[in-house]
Structures are given as structure tokens and as C-alpha cells.
2 protein chains.
Amino acid sequence: MCGIVGYIGNQSASDIIVKGLERLEYRGYDSAGIALMNGALDIKKGKGKVQALKNKLKASPAKGSTGIGHTRWATHGAPNDVNSHPHISESGDIALVHNGIIENYNSLKKELQNKGRTFHTDTDTEVIVQLIEEIYENGEEVSFEKAVRLALKQVVGTYGLAILHVDEPDRIIVARKGSPLLLGIGDGEMFIASDASPIVGYTKKVVYLDDGEMAIVTKDGYEVKTIEDVSLTKKVHELALSLDEIEKSGYPHFMLKEIFEQPRAIADCLRGRLDVKNHSVQLGGLTDVLDQLVNADRLVIAACGTSWHAGLVGEYLFEHLAKLPVEVEYASEFRYREPLIDENDVMLVISQSGETADTLAALRTAKERGALALGVCNVVGSTIARDTDAGVYTHAGPEIGVASTKAFTTQVSVLAMMAILLGQKRNTIEEEYAARLIEELNRIPDKVEQILDRSESVKEMAELFTYAPNFLYLGRTYNFPVALEGALKLKEISYIHAEGYPAAEMKHGPIALIDAMMPVVVIAATDHTNDKMISNIEEVKARKGRIIGITGEDNEEVINLSEFSCPIPETEDCLSPLLTSIPLQLLSYYIAVNRGCDVDQPRNLAKSVTVE
Amino acid sequence: MCGIVGYIGNQSASDIIVKGLERLEYRGYDSAGIALMNGALDIKKGKGKVQALKNKLKASPAKGSTGIGHTRWATHGAPNDVNSHPHISESGDIALVHNGIIENYNSLKKELQNKGRTFHTDTDTEVIVQLIEEIYENGEEVSFEKAVRLALKQVVGTYGLAILHVDEPDRIIVARKGSPLLLGIGDGEMFIASDASPIVGYTKKVVYLDDGEMAIVTKDGYEVKTIEDVSLTKKVHELALSLDEIEKSGYPHFMLKEIFEQPRAIADCLRGRLDVKNHSVQLGGLTDVLDQLVNADRLVIAACGTSWHAGLVGEYLFEHLAKLPVEVEYASEFRYREPLIDENDVMLVISQSGETADTLAALRTAKERGALALGVCNVVGSTIARDTDAGVYTHAGPEIGVASTKAFTTQVSVLAMMAILLGQKRNTIEEEYAARLIEELNRIPDKVEQILDRSESVKEMAELFTYAPNFLYLGRTYNFPVALEGALKLKEISYIHAEGYPAAEMKHGPIALIDAMMPVVVIAATDHTNDKMISNIEEVKARKGRIIGITGEDNEEVINLSEFSCPIPETEDCLSPLLTSIPLQLLSYYIAVNRGCDVDQPRNLAKSVTVE
């Protein structure tokens, strides 16, 4: 994710950039750095928060009125000094900051290494700056701007970039694909940022770059063109947001922002991993252990909270697609007995933060017993990520809202990819079915977007349920964990007592709770249990429970039986949790807002549970 | 467990006995039968409810003014015509009805077979009637009464008995050990019954037999003596109960009756299976499959509702004591995916009624895939009992209250015995520890009794929480399933939204619910997680949650931290669910009564869920 700031004008670039980075810090605080143009490039950077950078600058100020800065949320490479931005080319003449993920960095890196270039970091970003220099210095004679364009044509992935070159001290080159970037137009000065928060207070006039666009920015103006070198005239927007709002990108809460980020977050998670054309999945983080995983007797998944729910979806996925027996454990329970796990088993831990204490302890217990330890984490370089033998990052970007949303859907996306990959390697899945799943997975971000486009109807529905004292959530198979997760969301932020159940268990007790005061959310999105779910709906209705149906948009029967419904686009049964969870997130969010709850900082909770 | 009625006087014995059996029908309705003295013995009996017997009698009346009758809740032998009571001796001269379980029936049967006796039924009961006849006909010359006494001295187990012999048509001999029996004193007529319900309406004067007592009953009176032949003078009691009440044995609800029956139910469940002296466990129902079970790769437990909670305790027991990996599945979920189970696995299904539809379907799915199928059921001859390859009955007696209580504790008792047995056979448990567990298991009925003796304090506490809108239940390891079960009980009968969690999961969401309106039941009865539970209690208290602590009576720290506490006798960690569940049953019962709920027939629920 990361935050980018740039300045070119007559003021002290350092002050403006550092202030901007502070405002961007919610986007990541693994490291921070700046590069100022001052004859040569003056670079100050290192691990830690922006405050650490400020301390460095206090001891040794960086002068100049042109510069770029970066605050990092690590994706590739541990959060340390070396991996922090700005990154410089081998000659030291180019400095670059980057937000996004370069998918083909590995092959580009090898090419550049073959050409004699030496790399100093583990990041994907260093590849870009080296590639630009390689083209600029050793290719045909081209301008620096053209070298950037030529480099970007070779790059696969996402980026927001700001680049300085000592040969051209009066300009900053920026480019965007997939990661936001905007220009702020001042009076004899220009601002660059990954979102508007660092600019507010200096200027209200902004230009938003679109994907595939770049700009050459000087203190007196800017020129926007495509990376194909076609000049463009961009509309100048007037910023209407307060500082407070803008830190949440215009959303009233981080949680809502993160809900709406999911199409991008899931796309980031899938990017470079799904090969739709060849119907294959590549998970680089698992390459070294793939054989061991393929031959495992059993997979034990340990996690807490929302990640545990993702693990339950994982159980259904792995057992269905890879025919690998899976046991899902509460990490806290697993650690306090003598668990039966050995070197024939694989332990998979799931944690957004990668710091969850119980999950970490479960991981260590499993490792002591010789099990292969895998992780699915969001935070790169976190303790769990470091302590596992291998793993897959979710690349969801920093999750600031305490109630997890995009962490869940990206975890499920990773587990789906893992299950398909394993299914293919274990020959337990028909090729045609695998192909269909890969194609469908690739369409999920668009389908999530379609659901989000209908958020207004969920908001309206939420009005009606604002005062409900209790909720039940029912699902079967893949959507039983979604029922648990939907209930947890409501509990966490609205403090309504909500509970999830496998639909058939309702009759073994919870049905006694059902009366006209009990809304029941029924997630009926898997085909082969549809008839059973319809029976369950009838049973609830017979007791005057009010039905909110989350179901396929073509499932007229469930829609007609439901008092309210949230239709979701049709998809493969086993991928449906990626869609059905979205309206449940929105429902809990809007109800909590109606109840006046502090959505981003719900009472009693903390983002990452690092105590037992 | 079965009902007994007898009559001797001047009226039609058939009418009085059949009417009495109808009133006893809640104690079992697998079969019904009568034996009338009419020169010879006139026996009418067969499978099915009392109505079936009435139909038989209508077609072919049985005449006489002396007789005995029985309605059966099968324990040994399927509920069919042959196994129905009264049972007759080989000569046909003796008829006998029995309530209870004869533990050493197998060795007695062999002895009698060696002496040339032929058996016609699968019951334990037939052994008694044959043994009496063997002594009476082929032993030293003794009176029939003495033959009965001599026979009973050889019998190990429990019984309520009523016996007729054609040689002595003017008397009925009765005896009691462990199974209730009383005499009703009329005017020129006497009544015999296993509880007072068949007698109310004829006489208010009753004599309750105690264990080890027998009586010779004639129409004009009775003589009570010990089976050692010491004559006794018994107090005559005045019945003060209405018919409606008496069917619940004086308890206002079946549920409360069943809660208080648990010391006996658990003792019945353990009887003949625990050999405390030799530190061994015998589970006859598993003998034929024990090798296969010992060598299994994995045990899959499938169940619903309360039985699923017992299964979760089973998982901890089997993994701890027998080091056998266990996966516990919701039966409804198991059946609707393609479960990974094969001939190397063992499927264990748990169901009180033995008729639970989803559990039965899970069982059949597992069998189709070649797994060994075991059952833990309460109802003998139920579909699940018939469809499994082997199994263990809980012998809890009929459970009429819809909210399961004694079913749970007896299921856990069976699972504990199975786990110890397997642990011994698999050499995964130290002999000393096994011995300690067997001794402790044997003490459980007494310890349950101690907890029940303190029920008044739970009742007082329940007053305070009558209006609580929500409850949380927290436990760790063995008591995490107890937390789930405690919450389910409260939900089922009081309609309070209660939820159970592994204590550590609280911080991953549910803690947001906690405020001064949220009572939190903390089950802190396992030593090795005590410190962690104390931390959890502190966390709840910091949010003003009210703590009800279920903990060891010596655990002063938890008792002092709790606003209310239910101390339980100290026991082995892994057996603690048998004790900690008791106060939770009482708490839910008293709260439900305070709220005016129909405890025995809670809204929306049914006793045995035979639909999906």
C-alpha cells in the first residue's frame, strides 16, 4: 500500500514532504524516507515510523526545494532499512518511490543481473529503478522521460511512482497504474501525493492521474501523457474534503473504506498468481515446499477470530478440491493441549497482522513437533511471516478498521488459490473444473464491485434493523463460516448479540430464540443445499422470524421467501463466500453507524491481539 | 427405564394393570406385557406401546385378579416381541418383570446354559427367571421365596422385580435394588408399582421398599424382609401428590427430575463397565471391533446439538488419553459435502434418541465409504443403534425433558470410558493415571450428588439473573464444550440469547458485547489453564461484566474474583465436564422457571429431531 509525497517549488521540500508522510502514515508505517534534489541526491530513510525519519532529519537536515518521500507498508521484503524507499539506481543518480506490486520483478531482476547489475534490496521496487537506469544508460540514446516510459512497458503489476534524476533536477516524473496518484497545483509550486491528505492546506486544485498515465512535473506546471507518449489535457478538480475526512479517502470510517477497497484488494491478492490463460495458479511463496504440501497426510489450520472463519472456509475448499483432510483449530485451544501433530502434517496459520499471540504460539507448537509450518498473513515481515517455513501474503493493504473486512476476503482468496493449486498437483480436481474456478476467481473483483454498487439498498435495510436486540445468521457448507463471520461483524461494531450457526443445527436449540423480534440472515448461495435452506427459511418464518436472504440473483424462490434480500451475482459454490460476506459487512456497518457506535474503534477491542 | 405394575385382589387385574402401564408409559414404550394368574399363567405381550397391548387384550381378554405388567425401555436386546416382559422360566411356571440392568448376566447365562437351560431372548432379565427356577427345581429343596432370595444373592446389578409362580397363585414376590418399587395398600387388595402413578386413585397408603428389600404380597397384606430373610416393619406413607405431579416423580418438570437423576443415571452408565479393582474398563458392545478401533488412523465424531458438544469433549479425551486424532463434525455439514473418510477411519455417531436424521445420514455416508461405524445412543434398538457396527449405550433412562441433561453427562461418561480403554490398549496412558481416572470416574455420581445438594444456592443466584437479556459462557480445553452446552441450555428453555466461546476467542470479537448488562459464566475447572482463565476474568471485570465462576471448591482465587460462584468438588481435569455441566443445567432451569417458560416443552423445539 504505502504512501507517496512529492514537492517541487521554492519552499523547503523536506518540511512539506515529512508533514505529508505523517498524514499518510495510516497507509503503512514500516519505514519512511525522503530523497531531496540538492545538486546530488540527498537520501534519508530507515525502518520505523515517520517520527524516526524526523529524528534523522533533525540530526542531519536535508536541504532542497525538490524531493520525494515514502512511507512503507511492506509487501516484498522485510521492513528494514535496506528495503525502505526511496530506492536508488546502481549509479546513485536516480531515486524512486513506489506504491504497488511488480509481479514480474523476478524475471526482470534476473535479466538485469545477467547484464551485470547488482541489487541491494529484497524489494520488487528496486527492479524498476535499475531497469530505468539500464535503459537510460546502456540502451539506445533516449531522454530520461522516454527511458521511464520504455521501462514501464516492460513492467507487469501495479504502481504509483515518483522519480528523480540528478541530470534533470527541475522535474519529477510520476506514473500510475493501479495505485492512486494525484498532482496538486500551487502557485509556483507543485505537489504530488498518493492521496489528497498531504496536499490539503496548500492547494485545493488537483489533477487525478488515471491508469496508464504519467506526468512530468516542474514547479511551474505539469504535462500529463500516456506511457505511449500521447499528450493529454486533464480536468482540474476542486478539493472539497476536510483534512479529517481525507485521511479516510473521503469515507466516514476506515471500515467502510476497506469494505469498498475489496475489489482492488482481492485483485491485488490474485495478481500475478492466477494464470487464466493457462489455467494455473502460481504461489511463489510455496514453491519450495510444494512437494511436501502435496504429499501431506493432513492439514491443520489454526487461527483466531475472523481468520479462524476464513480457515473454516479453507477446510471446505481443501477437502473439496484437494481431498486433503483438514482440521481447523482455535489457536488458543490447540496450544493448551498436547496436540496430535507431527512431521507428516502441515500446519497452516492465518493472521492478518501476523502478530496474533495465540496463533503464533500454535505455530511454534506445531514446528516443535516437526510439522511443516505455513502462513497466510497480510503484514509482510511480521513475526508469523518470519517464523513460518513458507507462506502466501494476502496483499490486502493495511487494514485500519478494527473489524476485519478485506482481510477476510483476501484470506479466502489465498486459500482458494492454494486449494486449486493443490487439487491440480494432487490430481483431485478435473482440469475443466479447475479452469472454470480460475476464470471465476478472476471475475470475483468485478462481482464484488457489483455488490458494492448496490450498497444503498443494504443501507436502507439496515435502518429497519437498527434496534433489533438479537440476530441469527444461518448458512450451510461454504457459507456456514460466512454466517459466523457475519455475526461476528455485527457483534464487534454494533454490540448486537448475533450468532452464526450451520442452518441444520438451528433445530437443535437456537430455534427456541426465534420470534418476531429475531431477524434471521439466511445465506443461501450454494446450489446443492438450496432445498434444505428453503426448508430452514420456512421453519423460521413459521415462528415469525424475519428473513434477510443473501442469495444468488437468479434464486427467485429464496428471494420471494425472504422479507428482505441481497442478491449476489452467480458464482461457483465454493467461491461464494467471497461475495456473500460483502452484504453482511455492509449490514453490520450501517447498523452500527445508526446506533452511534464507534465503528473504527469499537469498545473493548484492539486491532491485533498480541496478548493471550 | 421401564415401568412395573402389579395387582392382587378381587377386581380384574388386567384393567388395573393396563391403566397403570399407560401412566408409566413416559418411562419407556418399546414394548408392553402382562402376566395374569389364572390357574396357569396367561401372558400377553409384544412390541410397541401400551395401546398395542390393549388391542391384544381386546381380541383375547386375560382373566384373573392377580397379575403383573411391564412397559419397557429397552436396555439389553432389541425392542421386539421376544424381548418384551414378562419373561417366563423354561418350564413356563414363573413369570417375572424387571426394571434395571443385570451386570453379570453373561456369566450367569453361561453357567445356566452349561446346566442345560435354553434361553429364548437377548435380555439380561431372562437370566433371573431361569436362575430362580434352576435353584427352585434343581437345588436343595427350598421354598419359592427362598429360591428367589438365593438367586438374588448371585445377581450383580440393579433390579425392581415382581414375580409370579403357578405353585403360589395367591402371592406376588417383589424385590428392589437400585430400581424403585412401592406397595399400595388397599382394602382387600394390594398394588405394586415402580412409581406411584399407577396407584393414585386406588389408595393413598403406600410403602416404599428400600434397596436390598423384598416383599411377599397377598391380597390381604404384605411382609417385607431383607433378602437375608430378616423381617422388617415398614412405615406406611400417605400419598400427597396429584396424578399430574406424580408422573414427574414429584418434580415440577421432567427436566429437573432428570437433572437430579444424574447420579443414578451416570452410575447406571458406569455399572458393570468400570472394574475399579483391576483398573480396567469393559465395554461389551465394542469387543468385536476393539482391534480395529485400536488401530484406527483417525476418529470422526458426528452429532448434532448437545450430542455434538459431548463429541467435542470426546475429542479432547481421545486425543489426550489415546493419542488418536479426532475430527468432530456437525452431522448436517458432514453429510452435505463429499467427506474424506475411508476404511482406515472410524466414525462415531452420538445421539440420545438414536433417531436424529442428520446424524443417521452422516452415519450412512461414512458406512458407504467403508468406515467402521460406532454409536453412542441412549435408546436401545433405535435406528442408529441398529445401523452401527458396534456401540455403547448410555443407559441414562428415558429422557423426557426436551433440553438434554442426563443424556449429556452419560454420553461424556461413555466417551471417557472409551478413551481410557483405548488409551490402555494403545499404550498411550500411564497405568497409574488410568487407575486414577477409573477410580475418579467411579466417584463421579457421588460428586454430582454433592453439587445437586447445593442446588438451592444456584436457585438464589438465578433470581438475580432472571431478566438478563444476554449471557456469555467461557471455557478452555475440556470446559470449552461445556460453555457451549451451558449456553445452549439457557437458549433452549429460557429464550435468553446465550453464547459459548473458547475463553481466548473472547478478545477476537465477543468482548465488544460485554458491559454491566452481560453476565459471563466462566468455567475455570482445569488446572493447567487456570492462570489464563484468571486473566480472562480480569478482562471481563474491567469491562464491568458480572462473573459467575464455576470452579473447584478449593480454587479460592477464582471464587474471590467471581461475583457469584458455584464450587464443584475437585476432580481430574479431563472428567470435570461431568461436574461443571450440572450447575449450568440448574442455572438455566431456574432462570427459565422464573421467566415463566414451559421448561419441558420449550417453544419451537422437539425432543428428537427426525427431520433435516
# chains A, B, ... in the order shown; residues from 1 in each chain; ligands from 1
>>> closest_atom_pairs(of="chain B", to="chain A", cutoff="8 Å", atoms="only C-alpha atoms", output="JSON lines")
{"residue": "B:Cys304", "atom": "CA", "partner": "A:Glu505", "partner_atom": "CA", "distance": 6.5}
{"residue": "B:Gly305", "atom": "CA", "partner": "A:His508", "partner_atom": "CA", "distance": 4.9}
{"residue": "B:Thr306", "atom": "CA", "partner": "A:His508", "partner_atom": "CA", "distance": 7.7}
{"residue": "B:Glu319", "atom": "CA", "partner": "A:Leu340", "partner_atom": "CA", "distance": 6.9}
{"residue": "B:His320", "atom": "CA", "partner": "A:Glu338", "partner_atom": "CA", "distance": 6.8}
{"residue": "B:Lys323", "atom": "CA", "partner": "A:Leu340", "partner_atom": "CA", "distance": 6.7}
{"residue": "B:Leu324", "atom": "CA", "partner": "A:Leu340", "partner_atom": "CA", "distance": 7.6}
{"residue": "B:Pro325", "atom": "CA", "partner": "A:Leu340", "partner_atom": "CA", "distance": 6.3}
{"residue": "B:Glu327", "atom": "CA", "partner": "A:Glu327", "partner_atom": "CA", "distance": 6.6}
{"residue": "B:Tyr330", "atom": "CA", "partner": "A:Glu505", "partner_atom": "CA", "distance": 7.9}
{"residue": "B:Ser332", "atom": "CA", "partner": "A:Ala504", "partner_atom": "CA", "distance": 6.0}
{"residue": "B:Glu333", "atom": "CA", "partner": "A:Thr477", "partner_atom": "CA", "distance": 6.1}
{"residue": "B:Tyr336", "atom": "CA", "partner": "A:Thr477", "partner_atom": "CA", "distance": 7.1}
{"residue": "B:Arg337", "atom": "CA", "partner": "A:Thr477", "partner_atom": "CA", "distance": 7.1}
{"residue": "B:Glu338", "atom": "CA", "partner": "A:His320", "partner_atom": "CA", "distance": 6.8}
{"residue": "B:Pro339", "atom": "CA", "partner": "A:Glu319", "partner_atom": "CA", "distance": 7.4}
{"residue": "B:Leu340", "atom": "CA", "partner": "A:Pro325", "partner_atom": "CA", "distance": 6.3}
{"residue": "B:Asn470", "atom": "CA", "partner": "A:His497", "partner_atom": "CA", "distance": 7.6}
{"residue": "B:Arg476", "atom": "CA", "partner": "A:Glu333", "partner_atom": "CA", "distance": 6.9}
{"residue": "B:Thr477", "atom": "CA", "partner": "A:Glu333", "partner_atom": "CA", "distance": 6.1}
{"residue": "B:Leu488", "atom": "CA", "partner": "A:Gly509", "partner_atom": "CA", "distance": 6.3}
{"residue": "B:Lys489", "atom": "CA", "partner": "A:Gly509", "partner_atom": "CA", "distance": 7.9}
{"residue": "B:Lys491", "atom": "CA", "partner": "A:Pro510", "partner_atom": "CA", "distance": 6.4}
{"residue": "B:Glu492", "atom": "CA", "partner": "A:Gly509", "partner_atom": "CA", "distance": 5.1}
{"residue": "B:Ile493", "atom": "CA", "partner": "A:Ala512", "partner_atom": "CA", "distance": 7.4}
{"residue": "B:Tyr495", "atom": "CA", "partner": "A:Leu513", "partner_atom": "CA", "distance": 5.0}
{"residue": "B:Ile496", "atom": "CA", "partner": "A:Leu513", "partner_atom": "CA", "distance": 7.2}
{"residue": "B:His497", "atom": "CA", "partner": "A:Leu513", "partner_atom": "CA", "distance": 7.0}
{"residue": "B:Glu499", "atom": "CA", "partner": "A:Glu499", "partner_atom": "CA", "distance": 7.7}
{"residue": "B:Pro502", "atom": "CA", "partner": "A:Glu333", "partner_atom": "CA", "distance": 7.3}
{"residue": "B:Ala504", "atom": "CA", "partner": "A:Ser332", "partner_atom": "CA", "distance": 6.0}
{"residue": "B:Glu505", "atom": "CA", "partner": "A:Gly305", "partner_atom": "CA", "distance": 6.5}
{"residue": "B:Lys507", "atom": "CA", "partner": "A:Leu605", "partner_atom": "CA", "distance": 6.7}
{"residue": "B:His508", "atom": "CA", "partner": "A:Gly305", "partner_atom": "CA", "distance": 4.9}
{"residue": "B:Gly509", "atom": "CA", "partner": "A:Glu492", "partner_atom": "CA", "distance": 5.2}
{"residue": "B:Pro510", "atom": "CA", "partner": "A:Lys491", "partner_atom": "CA", "distance": 6.4}
{"residue": "B:Ile511", "atom": "CA", "partner": "A:Asn604", "partner_atom": "CA", "distance": 6.2}
{"residue": "B:Ala512", "atom": "CA", "partner": "A:Asn604", "partner_atom": "CA", "distance": 5.3}
{"residue": "B:Leu513", "atom": "CA", "partner": "A:Tyr495", "partner_atom": "CA", "distance": 5.0}
{"residue": "B:Thr529", "atom": "CA", "partner": "A:Tyr336", "partner_atom": "CA", "distance": 7.4}
{"residue": "B:Lys532", "atom": "CA", "partner": "A:Glu612", "partner_atom": "CA", "distance": 7.7}
{"residue": "B:Arg543", "atom": "CA", "partner": "A:Asn604", "partner_atom": "CA", "distance": 7.4}
{"residue": "B:Pro602", "atom": "CA", "partner": "A:Ala512", "partner_atom": "CA", "distance": 6.9}
{"residue": "B:Arg603", "atom": "CA", "partner": "A:Ala512", "partner_atom": "CA", "distance": 5.6}
{"residue": "B:Asn604", "atom": "CA", "partner": "A:Ala512", "partner_atom": "CA", "distance": 5.3}
{"residue": "B:Leu605", "atom": "CA", "partner": "A:Ala512", "partner_atom": "CA", "distance": 6.3}
{"residue": "B:Val609", "atom": "CA", "partner": "A:Lys507", "partner_atom": "CA", "distance": 7.2}
{"residue": "B:Glu612", "atom": "CA", "partner": "A:Ala504", "partner_atom": "CA", "distance": 6.6}
>>> residues_around(residues="segment 86-102 of chain B", least_positions_apart="4", cutoff="8 Å", atoms="only C-alpha atoms", output="MDAnalysis selection string")
chainID B and resid 1:4 33:35 40:41 43 45 68:70 75 117:119 124:126 129:130 133 155:167 178:179 268
>>> select_by_dssp(residues="segment 306-517 of chain B", states="strand (DSSP E or B)", output="ChimeraX atom specification")
/B:326-330,345-351,372-377,390-393,470-475,497-502
>>> write_last_selection(atoms="C-alpha atoms", output="short mmCIF file (atom, residue, chain, number, x, y, z; two decimals), in the first residue's frame")
data_model
loop_
_atom_site.label_atom_id
_atom_site.label_comp_id
_atom_site.auth_asym_id
_atom_site.auth_seq_id
_atom_site.Cartn_x
_atom_site.Cartn_y
_atom_site.Cartn_z
CA VAL B 326 -10.25 -36.81 16.23
CA GLU B 327 -12.31 -34.61 13.97
CA VAL B 328 -15.72 -33.55 15.28
CA GLU B 329 -18.27 -32.71 12.63
CA TYR B 330 -21.74 -31.26 12.63
CA ASP B 345 -11.17 -44.22 9.76
CA VAL B 346 -13.71 -44.86 12.46
CA MET B 347 -16.97 -42.94 12.52
CA LEU B 348 -18.54 -42.44 15.91
CA VAL B 349 -22.04 -41.00 15.96
CA ILE B 350 -23.68 -39.74 19.13
CA SER B 351 -27.44 -39.37 19.57
CA LEU B 372 -16.19 -48.68 10.86
CA ALA B 373 -19.36 -47.18 12.33
CA LEU B 374 -19.82 -46.90 16.08
CA GLY B 375 -22.69 -45.40 18.01
CA VAL B 376 -23.27 -43.88 21.42
CA CYS B 377 -27.04 -43.87 21.93
CA ALA B 390 -20.99 -51.63 17.27
CA GLY B 391 -21.58 -49.20 20.07
CA VAL B 392 -22.10 -48.33 23.68
CA TYR B 393 -25.42 -47.47 25.27
CA ASN B 470 -27.82 -11.98 27.21
CA PHE B 471 -25.22 -14.36 28.61
CA LEU B 472 -21.72 -15.35 27.64
CA TYR B 473 -20.18 -18.67 28.66
CA LEU B 474 -16.41 -19.08 28.54
CA GLY B 475 -14.31 -22.19 28.99
CA HIS B 497 -29.54 -15.29 23.90
CA ALA B 498 -26.56 -17.05 25.37
CA GLU B 499 -23.37 -17.97 23.60
CA GLY B 500 -20.38 -20.11 24.45
CA TYR B 501 -16.81 -19.41 23.41
CA PRO B 502 -13.33 -20.70 24.00
#
>>> closest_residue(among="B:Ile8, B:Ile16, B:Ile259, B:Ala371", to="Tyr222 of chain B", atoms="only C-alpha atoms")
B:Ile8
>>> closest_residue(among="B:Glu460, B:Glu439, B:Glu553, B:Asp229", to="Leu150 of chain B", atoms="only C-alpha atoms")
B:Asp229
>>> residues_around(residues="Asn278 of chain A", least_positions_apart="4", cutoff="10 Å", atoms="only C-alpha atoms", output="JSON, numbers by chain")
{"A": [274, 435, 438]}
>>> write_last_selection(atoms="all heavy atoms", output="PDB file, in the first residue's frame")
ATOM      1  N   LEU A 274      -2.739 -15.835 -10.574  1.00  0.00           N
ATOM      2  CA  LEU A 274      -3.681 -16.579 -11.417  1.00  0.00           C
ATOM      3  C   LEU A 274      -3.245 -16.456 -12.866  1.00  0.00           C
ATOM      4  O   LEU A 274      -3.134 -15.347 -13.378  1.00  0.00           O
ATOM      5  CB  LEU A 274      -5.089 -15.962 -11.319  1.00  0.00           C
ATOM      6  CG  LEU A 274      -5.952 -16.236 -10.115  1.00  0.00           C
ATOM      7  CD1 LEU A 274      -7.350 -15.690 -10.387  1.00  0.00           C
ATOM      8  CD2 LEU A 274      -6.002 -17.721  -9.816  1.00  0.00           C
ATOM      9  N   ALA A 435     -10.132 -24.959 -14.427  1.00  0.00           N
ATOM     10  CA  ALA A 435     -10.119 -23.820 -15.350  1.00  0.00           C
ATOM     11  C   ALA A 435     -11.282 -22.884 -15.057  1.00  0.00           C
ATOM     12  O   ALA A 435     -11.134 -21.650 -15.021  1.00  0.00           O
ATOM     13  CB  ALA A 435     -10.196 -24.329 -16.788  1.00  0.00           C
ATOM     14  N   ILE A 438     -10.603 -20.944 -11.876  1.00  0.00           N
ATOM     15  CA  ILE A 438      -9.594 -19.883 -12.049  1.00  0.00           C
ATOM     16  C   ILE A 438     -10.203 -18.702 -12.785  1.00  0.00           C
ATOM     17  O   ILE A 438     -10.010 -17.547 -12.397  1.00  0.00           O
ATOM     18  CB  ILE A 438      -8.360 -20.456 -12.783  1.00  0.00           C
ATOM     19  CG1 ILE A 438      -7.608 -21.395 -11.831  1.00  0.00           C
ATOM     20  CG2 ILE A 438      -7.451 -19.337 -13.275  1.00  0.00           C
ATOM     21  CD1 ILE A 438      -6.532 -22.235 -12.493  1.00  0.00           C
TER      22      ILE A 438
END
